>>> print(open('data_11.cif').read())   # mmCIF, C-alpha atoms
data_entry
loop_
_atom_site.label_atom_id
_atom_site.label_comp_id
_atom_site.auth_asym_id
_atom_site.auth_seq_id
_atom_site.Cartn_x
_atom_site.Cartn_y
_atom_site.Cartn_z
CA MET O 1 -77.42 163.74 60.55
CA ASP O 2 -77.25 163.95 56.74
CA ASP O 3 -79.28 167.18 56.57
CA LEU O 4 -76.94 168.99 58.92
CA ILE O 5 -73.81 167.65 57.24
CA ASN O 6 -74.97 169.58 54.17
CA ALA O 7 -75.81 172.78 56.06
CA ILE O 8 -74.26 175.96 54.72
CA PRO O 9 -71.02 177.09 56.38
CA GLY O 10 -70.15 180.67 57.20
CA THR O 11 -67.03 182.26 58.60
CA ALA O 12 -65.58 180.67 61.69
CA PRO O 13 -63.47 183.00 63.84
CA ARG O 14 -61.91 181.01 66.66
CA PHE O 15 -60.92 182.29 70.08
CA LYS O 16 -58.60 180.21 72.22
CA ALA O 17 -58.21 180.27 75.97
CA GLU O 18 -54.43 180.54 75.79
CA ASP O 19 -52.59 182.32 78.59
CA ALA O 20 -55.80 182.97 80.50
CA ALA O 21 -57.38 181.20 83.42
CA LEU O 22 -60.37 179.13 82.40
CA HIS O 23 -63.83 179.95 83.65
CA ALA O 24 -64.56 177.70 86.63
CA ASP O 25 -67.48 175.94 84.94
CA LEU O 26 -65.46 175.33 81.79
CA ALA O 27 -62.50 174.03 83.77
CA ALA O 28 -64.75 171.66 85.71
CA ARG O 29 -66.30 170.29 82.51
CA LEU O 30 -62.90 169.92 80.86
CA ASN O 31 -61.61 168.01 83.88
CA GLN O 32 -64.69 165.80 83.77
CA PHE O 33 -64.11 165.10 80.09
CA HIS O 34 -60.47 164.15 80.64
CA HIS O 35 -61.44 161.95 83.57
CA ASP O 36 -64.26 160.15 81.76
CA TYR O 37 -62.91 159.95 78.22
CA ASP O 38 -61.17 156.63 77.65
CA HIS O 39 -60.72 156.82 73.86
CA PRO O 40 -63.82 154.71 73.13
CA TYR O 41 -63.21 154.79 69.37
CA ARG O 42 -59.66 153.42 69.37
CA GLU O 43 -60.65 149.77 69.12
CA HIS O 44 -62.98 150.59 66.22
CA ILE O 45 -60.17 152.39 64.37
CA VAL O 46 -57.86 149.44 65.05
CA GLU O 47 -60.45 147.12 63.54
CA LEU O 48 -60.66 149.21 60.36
CA LEU O 49 -56.89 149.44 59.97
CA ASN O 50 -56.25 145.76 60.56
CA THR O 51 -58.93 144.86 58.03
CA LEU O 52 -57.30 147.18 55.50
CA SER O 53 -53.88 145.72 56.28
CA ARG O 54 -55.06 142.17 55.63
CA THR O 55 -56.76 143.28 52.42
CA ILE O 56 -53.55 144.89 51.12
CA GLN O 57 -51.57 141.74 51.80
CA VAL O 58 -54.12 139.62 49.95
CA VAL O 59 -54.25 142.00 46.96
CA PHE O 60 -50.46 142.44 46.60
CA GLY O 61 -49.45 138.89 47.44
CA PRO O 62 -45.78 138.36 48.33
CA LYS O 63 -45.06 142.10 47.99
CA GLY O 64 -47.87 142.97 50.33
CA GLY O 65 -45.56 143.00 53.35
CA ASP O 66 -43.60 145.97 51.98
CA VAL O 67 -46.79 147.85 51.14
CA VAL O 68 -48.24 147.21 54.57
CA GLN O 69 -45.07 148.30 56.34
CA HIS O 70 -45.04 151.59 54.40
CA PHE O 71 -48.71 152.05 55.22
CA HIS O 72 -48.06 151.45 58.92
CA GLU O 73 -45.31 154.04 59.36
CA PRO O 74 -47.52 157.10 60.07
CA ALA O 75 -49.27 155.29 62.90
CA LYS O 76 -46.27 153.56 64.43
CA SER O 77 -45.91 154.36 68.10
CA ALA O 78 -42.69 156.12 69.05
CA ARG O 79 -42.24 153.43 71.68
CA ARG O 80 -42.21 150.64 69.09
CA SER O 81 -39.17 150.20 66.88
CA ALA O 82 -40.12 146.76 65.55
CA PRO O 83 -42.29 146.54 62.39
CA ILE O 84 -46.00 146.63 63.05
CA ARG O 85 -47.83 143.64 61.64
CA ARG O 86 -51.03 144.23 63.52
CA TYR O 87 -52.33 147.43 65.06
CA THR O 88 -53.12 147.81 68.73
CA ALA O 89 -54.92 150.64 70.52
CA ALA O 90 -51.57 152.20 71.49
CA ASP O 91 -50.66 152.63 67.81
CA VAL O 92 -53.60 154.85 66.91
CA VAL O 93 -53.73 157.31 69.84
CA ASP O 94 -52.08 160.12 67.85
CA LEU O 95 -53.68 159.51 64.46
CA PRO O 96 -55.63 162.50 63.05
CA ILE O 97 -58.80 160.40 62.88
CA THR O 98 -58.49 159.59 66.59
CA ARG O 99 -58.23 163.29 67.42
CA THR O 100 -61.19 164.01 65.15
CA LEU O 101 -63.38 161.52 66.98
CA ARG O 102 -62.18 162.86 70.32
CA GLU O 103 -63.38 166.34 69.30
CA LEU O 104 -66.72 164.91 68.17
CA TYR O 105 -67.17 163.11 71.49
CA ALA O 106 -66.20 166.21 73.50
CA TYR O 107 -68.83 168.31 71.75
CA ALA O 108 -71.64 165.75 71.59
CA TYR O 109 -71.47 164.53 75.17
CA PHE O 110 -69.70 167.32 77.08
CA GLY O 111 -70.59 170.54 75.22
CA LEU O 112 -66.92 171.38 74.61
CA ILE O 113 -65.30 172.61 71.42
CA LEU O 114 -61.64 171.59 71.32
CA ASP O 115 -58.94 172.63 68.91
CA GLU O 116 -56.37 170.22 67.46
CA ALA O 117 -54.24 170.54 70.58
CA GLY O 118 -57.18 169.63 72.80
CA GLU O 119 -57.56 173.18 74.14
CA PRO O 120 -61.06 174.66 74.63
CA MET O 121 -62.16 177.35 72.22
CA ARG O 122 -65.38 179.15 71.37
CA LEU O 123 -67.15 180.49 68.31
CA HIS O 124 -69.37 183.51 67.80
CA PRO O 125 -72.82 181.92 67.25
CA MET O 126 -74.13 184.68 65.01
CA GLU O 127 -71.09 184.81 62.76
CA SER O 128 -69.83 181.29 62.54
CA TYR O 129 -70.66 177.76 61.61
CA TRP O 130 -68.86 174.81 63.07
CA SER O 131 -69.38 171.15 62.34
CA PRO O 132 -67.50 168.50 64.30
CA HIS O 133 -65.89 166.94 61.23
CA PHE O 134 -69.14 165.64 59.74
CA PRO O 135 -67.59 165.16 56.26
CA THR O 136 -64.85 162.97 57.76
CA ILE O 137 -67.39 161.01 59.76
CA GLY O 138 -69.49 160.52 56.65
CA ARG O 139 -66.50 159.20 54.70
CA ILE O 140 -65.65 156.75 57.47
CA LEU O 141 -69.18 155.41 57.51
CA ASN O 142 -69.19 155.13 53.72
CA VAL O 143 -66.02 153.03 53.51
CA ALA O 144 -66.59 150.92 56.62
CA GLY O 145 -68.53 147.73 56.16
CA SER O 146 -72.08 147.41 57.40
CA ASP O 147 -70.88 145.11 60.18
CA TRP O 148 -68.16 147.50 61.44
CA SER O 149 -68.32 147.68 65.22
CA GLY O 150 -67.84 151.45 65.24
CA ARG O 151 -70.84 152.30 63.09
CA GLU O 152 -73.46 152.50 65.84
CA PRO O 153 -71.45 154.55 68.39
CA LEU O 154 -70.19 156.91 65.69
CA GLU O 155 -73.67 157.48 64.29
CA ALA O 156 -75.01 158.05 67.81
CA ALA O 157 -72.36 160.67 68.59
CA GLY O 158 -72.96 162.36 65.22
CA ASP O 159 -76.71 162.54 65.81
CA ILE O 160 -76.26 164.06 69.28
CA ALA O 161 -73.70 166.55 67.99
CA CYS O 162 -76.15 167.61 65.27
CA ILE O 163 -78.98 168.40 67.67
CA ARG O 164 -76.61 170.17 70.06
CA LEU O 165 -75.48 172.39 67.17
CA VAL O 166 -79.10 173.44 66.66
CA ILE O 167 -79.65 174.07 70.37
CA ASP O 168 -76.43 176.12 70.47
CA GLY O 169 -77.48 178.23 67.47
CA LEU O 170 -74.59 177.07 65.28
CA ILE O 171 -76.53 175.71 62.32
CA ARG O 172 -77.91 177.82 59.50
CA GLU O 173 -79.91 176.84 56.45
CA PRO O 174 -80.82 178.67 53.23
CA ALA O 175 -83.88 180.91 53.51
CA LEU O 176 -86.37 181.45 50.71
CA SER O 177 -85.45 184.43 48.56
CA SER O 178 -86.80 185.98 45.38
CA GLY O 179 -83.37 187.12 44.29
CA GLY O 180 -80.13 188.73 45.37
CA PRO O 181 -77.61 187.19 47.76
CA GLN O 182 -78.70 183.93 49.31
CA PRO O 183 -79.96 184.68 52.84
CA PHE O 184 -79.68 182.18 55.67
CA ARG O 185 -81.54 181.59 58.88
CA ILE O 186 -80.58 179.85 62.08
CA LEU O 187 -82.55 176.67 62.60
CA ASP O 188 -85.22 177.34 65.21
CA ALA O 189 -86.90 173.96 65.80
CA VAL O 190 -85.90 170.36 66.50
CA SER O 191 -87.60 167.02 66.09
CA PRO O 192 -88.90 165.19 69.17
CA VAL O 193 -86.70 162.18 68.34
CA SER O 194 -83.57 164.35 68.18
CA LEU O 195 -84.38 166.07 71.45
CA ALA O 196 -84.90 162.71 73.13
CA LYS O 197 -81.40 161.66 72.02
CA LEU O 198 -79.76 164.80 73.37
CA GLY O 199 -81.70 164.63 76.62
CA GLY O 200 -80.97 160.94 77.06
CA VAL O 201 -84.61 159.90 77.39
CA SER O 202 -86.64 157.25 75.61
CA ILE O 203 -89.07 157.97 72.81
CA ALA O 204 -91.89 156.88 75.15
CA THR O 205 -90.81 159.50 77.69
CA MET O 206 -90.71 162.13 74.96
CA ARG O 207 -94.24 161.20 73.88
CA ASN O 208 -95.40 161.74 77.46
CA LEU O 209 -93.75 165.15 77.50
CA LEU O 210 -95.66 166.05 74.35
CA ASN O 211 -98.99 165.07 75.90
CA PRO O 212 -101.21 168.19 75.94
CA LEU O 213 -102.51 167.18 79.38
CA GLY O 214 -99.04 166.87 80.95
CA SER O 215 -97.91 169.32 83.62
CA ASN O 216 -94.42 169.77 82.12
CA ARG O 217 -95.38 169.34 78.51
CA LEU O 218 -93.34 170.42 75.52
CA ARG O 219 -95.09 172.56 72.94
CA LEU O 220 -95.00 171.65 69.24
CA ASP O 221 -95.04 174.15 66.40
CA PRO O 222 -97.44 173.74 63.45
CA THR O 223 -94.93 171.50 61.64
CA GLY O 224 -94.76 169.02 64.50
CA ARG O 225 -91.34 170.14 65.69
CA ILE O 226 -90.28 171.64 69.01
CA PRO O 227 -89.18 175.31 69.00
CA VAL O 228 -85.55 175.70 70.08
CA ALA O 229 -86.50 178.03 72.95
CA GLU O 230 -88.91 175.40 74.24
CA ALA O 231 -86.31 172.65 73.84
CA ARG O 232 -83.71 174.70 75.73
CA ARG O 233 -86.16 175.31 78.57
CA TRP O 234 -86.74 171.61 79.00
CA LEU O 235 -83.08 170.65 78.65
CA LEU O 236 -81.90 173.14 81.26
CA GLY O 237 -84.35 171.64 83.75
CA HIS O 238 -83.39 168.08 82.89
CA SER O 239 -80.74 166.45 85.10
CA GLY O 240 -79.49 164.17 82.32
CA TYR O 241 -78.35 167.04 80.10
CA ARG O 242 -74.94 168.73 80.11
CA ALA O 243 -75.42 172.26 78.80
CA SER O 244 -72.70 173.43 76.41
CA VAL O 245 -69.86 175.37 78.03
CA TRP O 246 -67.71 176.18 75.00
CA GLN O 247 -69.15 179.73 75.16
CA LEU O 248 -67.09 180.28 78.35
CA ALA O 249 -63.72 179.67 76.72
CA CYS O 250 -62.86 183.37 76.53
CA ASP O 251 -64.60 184.59 79.66
CA ASP O 252 -62.63 185.86 82.61
CA ALA O 253 -62.05 183.35 85.35
CA ALA O 254 -64.84 183.22 87.88
#
>>> encode(input="data_11.cif", output="structure tokens")
Amino acid sequence: MDDLINAIPGTAPRFKAEDAALHADLAARLNQFHHDYDHPYREHIVELLNTLSRTIQVVFGPKGGDVVQHFHEPAKSARRSAPIRRYTAADVVDLPITRTLRELYAYAYFGLILDEAGEPMRLHPMESYWSPHFPTIGRILNVAGSDWSGREPLEAAGDIACIRLVIDGLIREPALSSGGPQPFRILDAVSPVSLAKLGGVSIATMRNLLNPLGSNRLRLDPTGRIPVAEARRWLLGHSGYRASVWQLACDDAA
């Protein structure tokens, strides 16, 4: 994920689906997301905040209670008027970080790009770059302890989002140039390990797909990576893959 976090951004014109009927396939995927998504990161955020709260109280001693109460105010649920001494999942639903991780999850696992209000939107692949909050994710991972329960699921979602960005043509990298403005090129190949993650198959299964004698084999380029066109062909024929549908956000209703 680190390489793509540092990819070069371009302009990012956004088109919302406001006041227009959603494309049927997009609407179906959005409904599926809302049905399946149960805020899987909330408990991990609660763990981080409660750890920080205890640390503040230890550092500030008797005055720690006042510091903690001030710190808690932004996350206090509107339904709770009593002071918060310990966070629960209900207290973090509307935090910006919770929305950020919701958008990451929507893109990685459902192929949706959501705005801050949770509405579907699309980007123009040839003119834009979009990263699902990779800098924020990186900062979380940097400050969280090595034993934080959210590390593994967050890294997994980040990795899958990265490879989906490549498949969707939304990642560009600097191209070699002898001078003049720095040119960029869209990434055109993926690693077998990354493709296995996005397709939801084991590394052993991916090795079998790369077998030259296989009937449905995947072709490697000279660098040992899989061309994006080849990866797309396999993904679209693979039942475990949800193709991205954010591109339909501005289409007319079917």
>>> resolve_selection(input="data_11.cif", expression="the PyMOL selection byres ((chain O and resi 36-47) around 7)", output="list in words")
Gln32, Phe33, His34, His35, Leu48, Leu49, Asn50, Thr51, Tyr87, Thr88, Ala89, Val92, Thr98, Ser149 and Gly150 of chain O
>>> resolve_selection(input="data_11.cif", expression="the PyMOL selection byres ((chain O and resi 116) around 12)", output="list in words")
Lys16, Asp94, Leu95, Pro96, Ile97, Thr98, Arg99, Thr100, Leu101, Arg102, Glu103, Leu104, Ile113, Leu114, Asp115, Ala117, Gly118, Glu119, Pro120, Met121, Pro132 and His133 of chain O
>>> residues_around(input="data_11.cif", residues="O:Gly111", least_positions_apart="6", cutoff="12 Å", atoms="only C-alpha atoms", output="count of residues only")
31
>>> closest_residue(input="data_11.cif", among="O:Ala231, O:Leu112, O:Ala90, O:Ala144", to="O:Ala28", atoms="only C-alpha atoms")
O:Leu112
>>> atom_distance(input="data_11.cif", atom1="atom CA of O:Gly199", atom2="atom CA of O:Asp159")
12.1 Å
>>> resolve_selection(input="data_11.cif", expression="the PyMOL selection byres ((chain O and resi 226) around 10)", output="PyMOL selection string")
chain O and resi 188-192+194-195+210+218-225+227-232
>>> atom_distance(input="data_11.cif", atom1="atom CA of O:Thr55", atom2="atom CA of O:Ala157")
28.4 Å
>>> atom_distance(input="data_11.cif", atom1="atom CA of O:Arg151", atom2="atom CA of O:Gly138")
10.5 Å
>>> closest_residue(input="data_11.cif", among="O:Val58, O:Ser53, O:Ser146, O:Phe110", to="O:Ala27", atoms="only C-alpha atoms")
O:Phe110
>>> closest_residue(input="data_11.cif", among="O:Leu170, O:Leu154, O:Val193, O:Ala108", to="O:Leu123", atoms="only C-alpha atoms")
O:Leu170
